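Source file: start_0.txt (compact mmCIF, C-alpha atoms and all ligand atoms)
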# COMPACT_ATOMS: atom_id res chain seq x y z
CA MET K 1 63.67 66.18 9.78
CA PHE K 2 66.85 65.53 7.81
CA LYS K 3 69.04 67.74 9.98
CA THR K 4 69.28 64.78 12.34
CA LEU K 5 71.17 62.68 9.77
CA GLU K 6 74.93 62.24 10.12
CA PRO K 7 77.05 61.96 6.96
CA GLN K 8 77.87 58.34 6.09
CA GLN K 9 80.75 56.70 4.24
CA PRO K 10 79.54 55.56 0.80
CA ASP K 11 79.54 51.80 0.14
CA ALA K 12 83.23 50.95 -0.40
CA LEU K 13 82.71 48.99 -3.62
CA LEU K 14 80.42 51.60 -5.16
CA ALA K 15 83.10 54.18 -4.25
CA VAL K 16 85.67 52.18 -6.28
CA MET K 17 83.23 52.20 -9.24
CA ALA K 18 82.92 55.98 -8.94
CA ALA K 19 86.70 56.51 -8.62
CA TYR K 20 87.29 54.41 -11.73
CA ALA K 21 84.63 56.32 -13.68
CA ALA K 22 86.23 59.64 -12.67
CA ASP K 23 89.77 58.63 -13.78
CA PRO K 24 90.46 60.12 -17.25
CA ASP K 25 93.44 57.80 -17.94
CA PRO K 26 92.72 55.90 -21.21
CA ASP K 27 94.69 52.88 -19.98
CA LYS K 28 92.82 52.46 -16.66
CA VAL K 29 91.76 48.96 -15.57
CA ASP K 30 88.66 48.18 -13.49
CA LEU K 31 89.03 45.07 -11.35
CA GLY K 32 86.57 46.38 -8.74
CA VAL K 33 82.89 45.52 -9.05
CA GLY K 34 82.09 41.92 -9.99
CA VAL K 35 81.02 41.92 -13.61
CA TYR K 36 82.22 39.59 -16.37
CA ARG K 37 84.00 41.32 -19.26
CA ASP K 38 84.88 39.94 -22.67
CA ALA K 39 88.26 40.34 -24.40
CA SER K 40 87.36 43.88 -25.48
CA GLY K 41 86.52 44.88 -21.91
CA VAL K 42 82.75 44.95 -22.40
CA THR K 43 80.17 43.25 -20.18
CA PRO K 44 78.14 41.75 -23.01
CA VAL K 45 74.43 41.13 -23.25
CA MET K 46 74.39 37.36 -23.78
CA SER K 47 73.10 36.36 -27.20
CA ALA K 48 70.37 34.09 -25.78
CA VAL K 49 69.28 36.98 -23.53
CA ARG K 50 69.08 39.40 -26.45
CA LYS K 51 66.94 36.96 -28.46
CA ALA K 52 64.65 36.26 -25.51
CA GLU K 53 64.31 39.98 -24.90
CA GLN K 54 63.33 40.56 -28.53
CA ARG K 55 60.73 37.83 -28.31
CA ILE K 56 59.26 39.40 -25.18
CA LEU K 57 59.08 42.79 -26.91
CA ASP K 58 57.31 41.23 -29.88
CA GLU K 59 54.92 38.96 -28.01
CA GLN K 60 54.17 40.45 -24.58
CA VAL K 61 50.53 41.51 -24.45
CA THR K 62 50.32 43.12 -21.00
CA LYS K 63 52.31 44.88 -18.32
CA ALA K 64 49.83 43.94 -15.61
CA TYR K 65 51.30 42.78 -12.27
CA VAL K 66 52.95 39.35 -12.20
CA GLY K 67 51.76 38.52 -8.67
CA ALA K 68 53.35 38.29 -5.24
CA GLY K 69 55.47 35.20 -5.90
CA GLY K 70 56.74 36.54 -9.21
CA ASN K 71 56.99 34.70 -12.52
CA ARG K 72 56.07 31.06 -11.80
CA PRO K 73 57.87 29.39 -14.77
CA PHE K 74 60.95 31.39 -13.75
CA ALA K 75 60.66 30.18 -10.16
CA ALA K 76 60.23 26.55 -11.27
CA PHE K 77 63.29 26.76 -13.53
CA ILE K 78 65.50 28.36 -10.85
CA GLU K 79 64.40 25.72 -8.35
CA GLU K 80 65.36 22.97 -10.82
CA LEU K 81 68.66 24.64 -11.71
CA THR K 82 69.52 24.91 -8.02
CA LEU K 83 68.29 21.62 -6.59
CA GLY K 84 68.16 19.45 -9.71
CA ALA K 85 65.06 18.04 -11.40
CA LEU K 86 64.75 15.00 -9.17
CA HIS K 87 65.65 16.29 -5.71
CA PRO K 88 63.70 14.38 -3.02
CA ALA K 89 62.77 17.58 -1.16
CA ARG K 90 61.09 18.89 -4.32
CA ALA K 91 59.34 15.57 -4.92
CA ALA K 92 58.00 15.73 -1.36
CA GLY K 93 56.57 19.24 -1.92
CA ARG K 94 58.86 20.66 0.79
CA VAL K 95 60.34 23.44 -1.41
CA VAL K 96 59.01 26.90 -2.22
CA THR K 97 60.54 29.60 -4.44
CA LEU K 98 59.78 33.29 -4.66
CA GLN K 99 61.22 35.63 -7.29
CA THR K 100 63.19 38.53 -5.79
CA PRO K 101 64.86 41.74 -6.96
CA GLY K 102 68.36 40.26 -7.39
CA GLY K 103 70.38 38.11 -5.01
CA CYS K 104 70.44 41.00 -2.51
CA GLY K 105 66.65 40.92 -2.37
CA ALA K 106 66.82 37.18 -1.75
CA VAL K 107 69.32 37.46 1.13
CA ARG K 108 67.28 40.25 2.68
CA LEU K 109 63.97 38.33 2.40
CA ALA K 110 65.61 35.23 3.86
CA ALA K 111 66.85 37.34 6.77
CA ASP K 112 63.38 38.86 7.25
CA LEU K 113 61.86 35.38 7.30
CA ILE K 114 64.35 34.22 9.94
CA GLN K 115 63.58 37.31 12.03
CA ARG K 116 59.86 36.49 11.85
CA ALA K 117 60.36 32.84 12.73
CA ARG K 118 62.86 33.35 15.51
CA PRO K 119 63.46 37.02 16.42
CA GLY K 120 67.00 37.92 17.42
CA THR K 121 68.60 34.88 15.75
CA ARG K 122 72.30 35.33 15.03
CA VAL K 123 73.66 34.81 11.53
CA PHE K 124 77.32 33.85 11.14
CA VAL K 125 79.17 34.91 8.00
CA SER K 126 82.62 33.88 6.78
CA ASP K 127 85.59 36.08 7.60
CA PRO K 128 86.03 37.57 5.07
CA THR K 129 82.76 37.71 3.20
CA TRP K 130 81.07 39.88 0.57
CA PRO K 131 80.75 43.29 2.31
CA ASN K 132 77.00 43.57 1.70
CA HIS K 133 76.15 40.36 3.58
CA ARG K 134 76.36 41.97 7.01
CA PRO K 135 74.19 45.03 6.22
CA LEU K 136 71.59 42.91 4.42
CA VAL K 137 71.27 40.58 7.40
CA SER K 138 71.47 43.18 10.17
CA GLY K 139 68.98 45.35 8.24
CA ALA K 140 66.39 42.69 9.05
CA GLY K 141 67.15 43.08 12.76
CA LEU K 142 69.26 39.94 13.12
CA GLY K 143 72.58 39.78 14.96
CA VAL K 144 75.61 39.17 12.70
CA ASP K 145 78.94 37.67 13.66
CA GLY K 146 81.81 36.02 11.82
CA TYR K 147 83.44 32.59 11.64
CA PRO K 148 87.07 32.12 10.54
CA TYR K 149 87.40 31.08 6.90
CA TYR K 150 90.46 32.24 5.01
CA ASP K 151 93.79 33.94 5.66
CA PRO K 152 94.39 36.53 2.90
CA ALA K 153 98.11 36.87 3.75
CA SER K 154 98.87 33.18 3.16
CA GLY K 155 96.02 32.37 0.74
CA VAL K 156 95.00 29.41 2.88
CA LEU K 157 91.51 28.20 3.90
CA GLY K 158 91.17 27.77 7.68
CA PHE K 159 88.75 24.86 7.69
CA GLU K 160 89.59 23.54 11.16
CA GLY K 161 89.10 27.01 12.66
CA MET K 162 85.79 27.29 10.83
CA LEU K 163 84.54 23.95 12.18
CA GLY K 164 85.76 24.83 15.69
CA ALA K 165 83.81 28.11 15.70
CA LEU K 166 80.61 26.58 14.30
CA GLU K 167 80.85 23.71 16.78
CA ARG K 168 80.32 26.22 19.61
CA LEU K 169 77.11 27.78 18.23
CA PRO K 170 73.80 27.07 19.95
CA ALA K 171 71.02 25.25 18.08
CA GLY K 172 68.94 27.54 15.89
CA ASP K 173 71.71 29.92 14.84
CA VAL K 174 72.15 30.49 11.11
CA VAL K 175 75.33 29.97 9.09
CA LEU K 176 75.60 31.92 5.85
CA LEU K 177 77.62 29.89 3.34
CA GLN K 178 78.56 30.56 -0.26
CA ALA K 179 77.91 27.46 -2.32
CA SER K 180 80.67 28.12 -4.87
CA CYS K 181 83.00 30.84 -6.22
CA HIS K 182 83.40 32.39 -2.76
CA ASN K 183 83.28 36.19 -2.77
CA PRO K 184 85.81 37.73 -2.08
CA THR K 185 88.36 34.89 -1.76
CA GLY K 186 87.62 32.51 -4.67
CA GLN K 187 88.39 29.72 -2.18
CA ASP K 188 85.67 27.06 -1.94
CA LEU K 189 85.32 24.08 0.35
CA ALA K 190 86.23 20.71 -1.15
CA PRO K 191 83.41 18.10 -1.43
CA ALA K 192 84.76 16.17 1.59
CA GLN K 193 84.75 19.38 3.64
CA TRP K 194 81.13 20.05 2.69
CA GLU K 195 80.33 16.53 3.94
CA GLN K 196 81.98 17.28 7.28
CA LEU K 197 80.16 20.59 7.50
CA ALA K 198 76.80 18.93 6.75
CA GLU K 199 77.35 16.52 9.62
CA LEU K 200 78.15 19.42 11.98
CA LEU K 201 75.16 21.52 10.87
CA ALA K 202 72.80 18.56 11.33
CA ARG K 203 74.21 17.57 14.72
CA ARG K 204 74.27 21.16 16.06
CA GLN K 205 70.87 21.97 14.51
CA LEU K 206 72.16 25.02 12.66
CA LEU K 207 70.31 26.44 9.66
CA PRO K 208 72.37 27.03 6.50
CA LEU K 209 71.58 30.15 4.48
CA MET K 210 73.18 29.37 1.12
CA ASP K 211 74.20 32.18 -1.21
CA LEU K 212 74.36 31.03 -4.85
CA ALA K 213 75.45 34.03 -6.92
CA TYR K 214 77.88 32.51 -9.44
CA GLN K 215 76.39 29.17 -10.45
CA GLY K 216 78.02 27.99 -13.68
CA LEU K 217 81.16 30.09 -13.33
CA GLY K 218 83.12 27.73 -11.08
CA ASP K 219 83.12 24.03 -11.99
CA GLY K 220 79.83 24.01 -13.93
CA LEU K 221 76.12 24.42 -13.20
CA ASP K 222 75.61 21.09 -11.41
CA ALA K 223 78.94 21.02 -9.58
CA ASP K 224 78.49 24.58 -8.31
CA ALA K 225 75.10 23.73 -6.79
CA ALA K 226 76.19 20.31 -5.46
CA PRO K 227 76.78 21.50 -1.85
CA ILE K 228 73.23 22.90 -1.72
CA ARG K 229 71.71 19.70 -3.13
CA MET K 230 73.59 17.62 -0.58
CA LEU K 231 72.64 19.85 2.37
CA ALA K 232 69.00 19.82 1.27
CA GLU K 233 69.11 16.01 1.46
CA ARG K 234 70.79 15.83 4.86
CA LEU K 235 69.01 18.67 6.68
CA PRO K 236 65.33 19.35 7.23
CA GLU K 237 65.59 23.08 6.46
CA VAL K 238 67.80 25.13 4.14
CA LEU K 239 67.37 28.69 2.87
CA ILE K 240 68.89 29.60 -0.49
CA ALA K 241 69.47 33.01 -2.10
CA VAL K 242 69.93 32.80 -5.86
CA SER K 243 71.18 35.52 -8.22
CA CYS K 244 70.91 35.56 -12.02
CA SER K 245 73.14 38.64 -12.30
CA LYS K 246 76.28 36.81 -13.36
CA ASN K 247 75.23 33.59 -15.05
CA PHE K 248 72.64 35.34 -17.24
CA GLY K 249 74.53 38.66 -17.32
CA LEU K 250 71.35 40.38 -16.10
CA TYR K 251 72.99 42.56 -13.45
CA ARG K 252 70.92 45.72 -13.80
CA GLU K 253 67.65 43.87 -14.32
CA ARG K 254 67.82 42.66 -10.68
CA VAL K 255 66.76 39.02 -11.00
CA GLY K 256 67.00 36.48 -8.21
CA ALA K 257 65.01 34.10 -6.05
CA VAL K 258 64.74 32.94 -2.48
CA ILE K 259 64.22 29.19 -2.08
CA GLY K 260 62.98 27.66 1.15
CA VAL K 261 63.54 23.96 1.79
CA THR K 262 61.27 23.15 4.71
CA GLY K 263 60.41 20.19 6.92
CA ASP K 264 57.10 19.26 5.28
CA ARG K 265 54.54 20.33 2.67
CA ALA K 266 52.36 22.25 5.15
CA THR K 267 55.31 24.27 6.45
CA ALA K 268 56.37 25.01 2.88
CA GLY K 269 52.99 26.65 2.25
CA ILE K 270 53.29 28.75 5.39
CA VAL K 271 56.85 29.83 4.49
CA MET K 272 55.67 30.94 1.04
CA ASN K 273 52.81 32.82 2.63
CA HIS K 274 55.21 34.71 4.92
CA LEU K 275 57.69 35.43 2.11
CA GLN K 276 54.91 36.97 0.04
CA ILE K 277 53.77 39.14 2.94
CA LEU K 278 57.35 40.24 3.67
CA ALA K 279 57.92 41.12 0.01
CA ARG K 280 54.63 42.99 -0.18
CA ARG K 281 55.49 45.27 2.70
CA MET K 282 58.96 46.03 1.29
CA TYR K 283 58.51 46.37 -2.49
CA SER K 284 55.16 44.70 -3.22
CA MET K 285 56.02 42.65 -6.32
CA PRO K 286 59.29 41.94 -8.13
CA PRO K 287 60.27 43.58 -11.44
CA ASP K 288 59.29 41.39 -14.38
CA HIS K 289 61.64 41.89 -17.29
CA GLY K 290 64.73 39.92 -16.18
CA ALA K 291 62.73 36.98 -14.89
CA ALA K 292 60.70 36.95 -18.11
CA ILE K 293 63.98 36.68 -20.04
CA VAL K 294 65.18 33.76 -17.93
CA ALA K 295 61.80 32.00 -18.24
CA THR K 296 61.79 32.51 -22.03
CA ILE K 297 65.25 30.94 -22.28
CA ALA K 298 64.26 28.07 -19.98
CA GLN K 299 61.18 27.20 -22.06
CA ASP K 300 62.88 27.21 -25.47
CA PRO K 301 65.35 24.33 -26.04
CA ALA K 302 67.35 26.21 -28.69
CA LEU K 303 67.71 29.34 -26.56
CA LYS K 304 68.57 27.24 -23.54
CA ALA K 305 71.30 25.41 -25.44
CA GLU K 306 72.67 28.75 -26.62
CA TRP K 307 72.72 30.15 -23.07
CA LEU K 308 74.42 27.00 -21.72
CA ALA K 309 77.13 27.25 -24.39
CA GLU K 310 77.72 30.95 -23.71
CA LEU K 311 77.93 30.38 -19.96
CA GLU K 312 80.36 27.50 -20.42
CA ALA K 313 82.56 29.65 -22.66
CA MET K 314 82.60 32.35 -19.96
CA ARG K 315 83.50 29.78 -17.31
CA ILE K 316 86.37 28.38 -19.33
CA ARG K 317 87.66 31.84 -20.19
CA VAL K 318 87.73 32.91 -16.51
CA GLY K 319 89.80 29.77 -15.76
CA THR K 320 92.23 30.69 -18.54
CA ILE K 321 92.60 34.26 -17.25
CA ARG K 322 93.26 32.88 -13.77
CA ALA K 323 96.06 30.66 -15.09
CA ARG K 324 97.58 33.43 -17.22
CA LEU K 325 97.48 36.01 -14.42
CA ALA K 326 99.13 33.59 -11.97
CA GLU K 327 101.79 32.90 -14.61
CA ALA K 328 102.39 36.61 -15.31
CA LEU K 329 102.66 37.33 -11.57
CA ALA K 330 105.08 34.43 -11.10
CA ALA K 331 107.23 35.88 -13.91
CA GLU K 332 107.19 39.35 -12.30
CA PHE K 333 107.90 38.13 -8.76
CA GLY K 334 110.27 35.32 -9.67
CA HIS K 335 108.26 32.85 -7.58
CA ASP K 336 104.68 31.56 -7.41
CA ARG K 337 103.50 33.92 -4.64
CA PHE K 338 100.04 34.22 -6.21
CA GLY K 339 99.74 30.59 -7.31
CA PHE K 340 96.48 30.33 -5.37
CA ILE K 341 94.76 32.44 -8.07
CA ARG K 342 95.21 29.51 -10.46
CA GLY K 343 93.44 27.00 -8.25
CA GLN K 344 90.61 29.20 -6.99
CA ARG K 345 87.18 29.47 -8.60
CA GLY K 346 84.81 32.08 -9.93
CA MET K 347 85.23 35.79 -10.42
CA PHE K 348 87.31 36.83 -7.43
CA SER K 349 90.61 36.35 -5.61
CA LEU K 350 92.17 38.31 -2.78
CA LEU K 351 95.68 39.57 -3.47
CA GLY K 352 96.36 39.95 0.26
CA LEU K 353 97.85 43.44 -0.19
CA PRO K 354 97.68 46.19 2.47
CA PRO K 355 95.45 49.28 1.96
CA ALA K 356 98.45 51.47 1.01
CA ALA K 357 99.29 49.11 -1.88
CA VAL K 358 95.63 49.11 -3.02
CA ALA K 359 95.65 52.93 -2.98
CA ALA K 360 98.94 53.00 -4.94
CA LEU K 361 97.53 50.62 -7.56
CA ALA K 362 94.80 53.18 -8.31
CA ALA K 363 96.80 56.38 -7.85
CA ASP K 364 100.04 55.37 -9.61
CA HIS K 365 98.93 52.62 -12.01
CA HIS K 366 95.22 53.33 -12.69
CA VAL K 367 94.33 49.77 -11.66
CA TYR K 368 91.21 49.72 -9.47
CA VAL K 369 90.58 46.85 -7.07
CA ALA K 370 88.30 46.55 -4.02
CA GLY K 371 89.67 48.00 -0.74
CA ASP K 372 90.40 44.55 0.71
CA SER K 373 92.61 43.90 -2.39
CA ARG K 374 89.96 41.70 -4.04
CA ILE K 375 90.41 41.51 -7.78
CA ASN K 376 87.66 40.69 -10.23
CA VAL K 377 89.56 38.18 -12.37
CA ALA K 378 86.56 37.91 -14.70
CA GLY K 379 86.87 41.62 -15.47
CA LEU K 380 90.48 41.44 -16.67
CA PRO K 381 90.81 41.45 -20.47
CA GLU K 382 93.65 39.20 -21.74
CA ALA K 383 95.51 42.15 -23.30
CA ARG K 384 95.85 43.80 -19.87
CA ILE K 385 97.20 40.83 -17.90
CA GLU K 386 100.91 41.68 -18.13
CA ARG K 387 100.25 45.36 -17.41
CA VAL K 388 98.27 44.47 -14.28
CA ALA K 389 100.93 41.99 -13.13
CA ARG K 390 103.62 44.70 -13.47
CA ALA K 391 101.50 47.14 -11.46
CA ILE K 392 100.96 44.59 -8.68
CA ARG K 393 104.69 43.90 -8.61
CA ALA K 394 105.41 47.63 -8.32
CA VAL K 395 103.14 48.15 -5.28
CA ALA K 396 103.57 44.82 -3.49
CA GLY K 397 107.02 45.59 -2.03
C1 LIG M 401 80.43 42.33 -6.29
O1 LIG M 401 80.71 41.72 -5.25
O2 LIG M 401 81.25 43.05 -6.86
C2 LIG M 401 79.07 42.21 -6.90
O3 LIG M 401 78.35 41.21 -6.24
C3 LIG M 401 78.36 43.49 -7.02
C4 LIG M 401 77.80 44.02 -5.75
O4 LIG M 401 76.61 44.32 -5.70
O5 LIG M 401 78.54 44.19 -4.78
Write out the structure in this file as structure tokens.
Ligand code: LMR
Amino acid sequence: MFKTLEPQQPDALLAVMAAYAADPDPDKVDLGVGVYRDASGVTPVMSAVRKAEQRILDEQVTKAYVGAGGNRPFAAFIEELTLGALHPARAAGRVVTLQTPGGCGAVRLAADLIQRARPGTRVFVSDPTWPNHRPLVSGAGLGVDGYPYYDPASGVLGFEGMLGALERLPAGDVVLLQASCHNPTGQDLAPAQWEQLAELLARRQLLPLMDLAYQGLGDGLDADAAPIRMLAERLPEVLIAVSCSKNFGLYRERVGAVIGVTGDRATAGIVMNHLQILARRMYSMPPDHGAAIVATIAQDPALKAEWLAELEAMRIRVGTIRARLAEALAAEFGHDRFGFIRGQRGMFSLLGLPPAAVAALAADHHVYVAGDSRINVAGLPEARIERVARAIRAVAG
């Protein structure tokens, strides 16, 4: 059986993780995979998470299945965090939410749902986008193509090119959009650009698939979800993939949700029914622990306040690292070549360096970044900023 299999390249980002782990240099720096790190270089368990976890250990009375839709208080909280407590689509009963194994599980289930509803639909992703978007979507049998978004060499968003490409799509195609903290560029649309995009999506009858993986790490919880809330008011249907990996620091617990905003209450029920069937045939039911932690935090005002404060401190710190890295790079280069890092949002920015420079960063300077020269700004401890800036200067030419 297995003799038929051809060797495959490992996932590029996971390969960077492995290369970093194998490097014995004590001064190595990992700016590859997207995890938040504190000043000592550790990805911490958030204090509210630790307390919630302890409470679950003390009080949980069963490990029986949670059910096809997952933890319902968790789903209700994520829906409120994403759309707001008073969103008209929620009030009208047009919204359903299913707990998923991480944001990846949510994107994949959304793609499976689209394939069921309209087989062969094409999904358009930004160029560039997070490398796992294409495999997740094509794995469901959908066609995937790109729309222009950002020029890594100049650090400039190509909004007109994006609109021009989307303008040509036939009704029914899907546009995958990142609500905030765009991965890998850090470059988000401005509110006025979201407005223009909403008008285009409505007029061309395109379905937005919104990826919300970094809520709270850009401009704040509400601001980061604002594009989704607006689109869900203007359009009859929106699909949303939510991840709790970053904003709850629950990476390895695999916690996420897929939210369907539908045309009416009856359709919402049918969408939920299909999502449950799709989940059942893939992994049956979602893992419980991470969602139980989020639900415990959501239901306890003190824990919730603690989580909000921790998240806000993380958000502010990432902004400070951005400013300090841009400053250190400007000092090394003698001009503000990487000034865009300062103004961008979330965990990532693209340096715009060629593959040879990325390879030299790892080989000669023990600084590991993704192959497209994406750096995880949120993974850069303050004490390493100058060292990293010097290394970038040395390889950039
Ligand atoms: C990243 O982009 O680094 C993260 O979202 C981790 C992942 O799964 O790729």
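Using only C-alpha atoms and all ligand atoms, residues with at least one atom at most 7 Å away from any atom of ligand LIG 401 (chain M) are Leu13, Gly32, Val33, Gly34, Val35, Trp130, Asn132 and Asn183 of chain K.
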Give one line per residue of stretch 258-305 of chain K that approaches stretch 69-93 of chain K to at most 7 Å, naming the two atoms of the closest pair and their distance in Å to one decimal, counting only C-alpha atoms; sort by chain then ascending residue number and deliver it as a tab-separated table.
residue	atom	partner	partner_atom	distance
K:Arg265	CA	K:Gly93	CA	5.1
K:Gln276	CA	K:Gly69	CA	6.2
K:Met285	CA	K:Gly70	CA	6.8
K:Pro286	CA	K:Gly70	CA	6.1
K:Ala291	CA	K:Phe74	CA	6.0
K:Val294	CA	K:Phe74	CA	6.4
K:Ala295	CA	K:Phe74	CA	4.6
K:Ala298	CA	K:Phe77	CA	6.7
Per-axis box centre and lengths in Å around stretch 43-49 of chain K, 3 Å margin per side, axis-aligned, as AutoDock Vina command-line options:
--center_x 74.7 --center_y 38.7 --center_z -23.7 --size_x 16.9 --size_y 15.2 --size_z 13.0
Tell me which of K:Val174, K:Val156, K:Leu98, K:Leu303 sits closest to K:Arg280, counting all atoms listed in the file.
K:Leu98
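Atom CA of K:Ala171 is found 5.5 Å from atom CA of K:Leu206.
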Take the point (91.3, 43.6, -21.9) as written in the file and pick out every residue within 6 Å of it, counting all atoms listed in the file; give the list as number ranges by chain.
K: 39-41, 380-384
Contact residues around K:Leu142 with all atoms listed in the file at 8 Å, ignoring same-chain residues under 3 positions, as JSON, numbers by chain
{"K": [111, 115, 119, 120, 121, 122, 123, 137, 138, 139]}
At most 10 Å from (78.0, 28.5, -19.8), file frame, only C-alpha atoms: which residues, as number ranges by chain?
K: 215-217, 220-221, 247-248, 305-316
Counting all atoms listed in the file, the residue of K:Val125, K:Met46, K:Met17, K:Ile385 that sits nearest K:Ala362
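Result for the nearest residue to K:Ala362: K:Met17.
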Please measure the separation of atom CA of K:Ala326 and atom CA of K:Glu386, giving the value in Å to one decimal.
10.3 Å
Excluding K:Leu239 and any residue of its chain fewer than 2 positions from it, enumerate the residues within 8 Å of it, using all atoms listed in the file, and give them as a ChimeraX atom specification.
/K:110,207-210,237,241,258-261
Store the residues picked out above, limited to C-alpha atoms, as an mmCIF file, keeping the file's coordinate frame.
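Once everything was written out, this is out19.cif:
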data_model
loop_
_atom_site.group_PDB
_atom_site.id
_atom_site.type_symbol
_atom_site.label_atom_id
_atom_site.label_comp_id
_atom_site.auth_asym_id
_atom_site.auth_seq_id
_atom_site.Cartn_x
_atom_site.Cartn_y
_atom_site.Cartn_z
ATOM 1 C CA ALA K 110 65.610 35.230 3.860
ATOM 2 C CA LEU K 207 70.310 26.440 9.660
ATOM 3 C CA PRO K 208 72.370 27.030 6.500
ATOM 4 C CA LEU K 209 71.580 30.150 4.480
ATOM 5 C CA MET K 210 73.180 29.370 1.120
ATOM 6 C CA GLU K 237 65.590 23.080 6.460
ATOM 7 C CA ALA K 241 69.470 33.010 -2.100
ATOM 8 C CA VAL K 258 64.740 32.940 -2.480
ATOM 9 C CA ILE K 259 64.220 29.190 -2.080
ATOM 10 C CA GLY K 260 62.980 27.660 1.150
ATOM 11 C CA VAL K 261 63.540 23.960 1.790
#
Using all atoms listed in the file, which protein or nucleic acid residues come within 6 Å of stretch 103-106 of chain K? Drop anything in the same chain fewer than 2 positions from it, and give the result as a PyMOL selection string.
chain K and resi 100-101+108-109+241-243+256-258
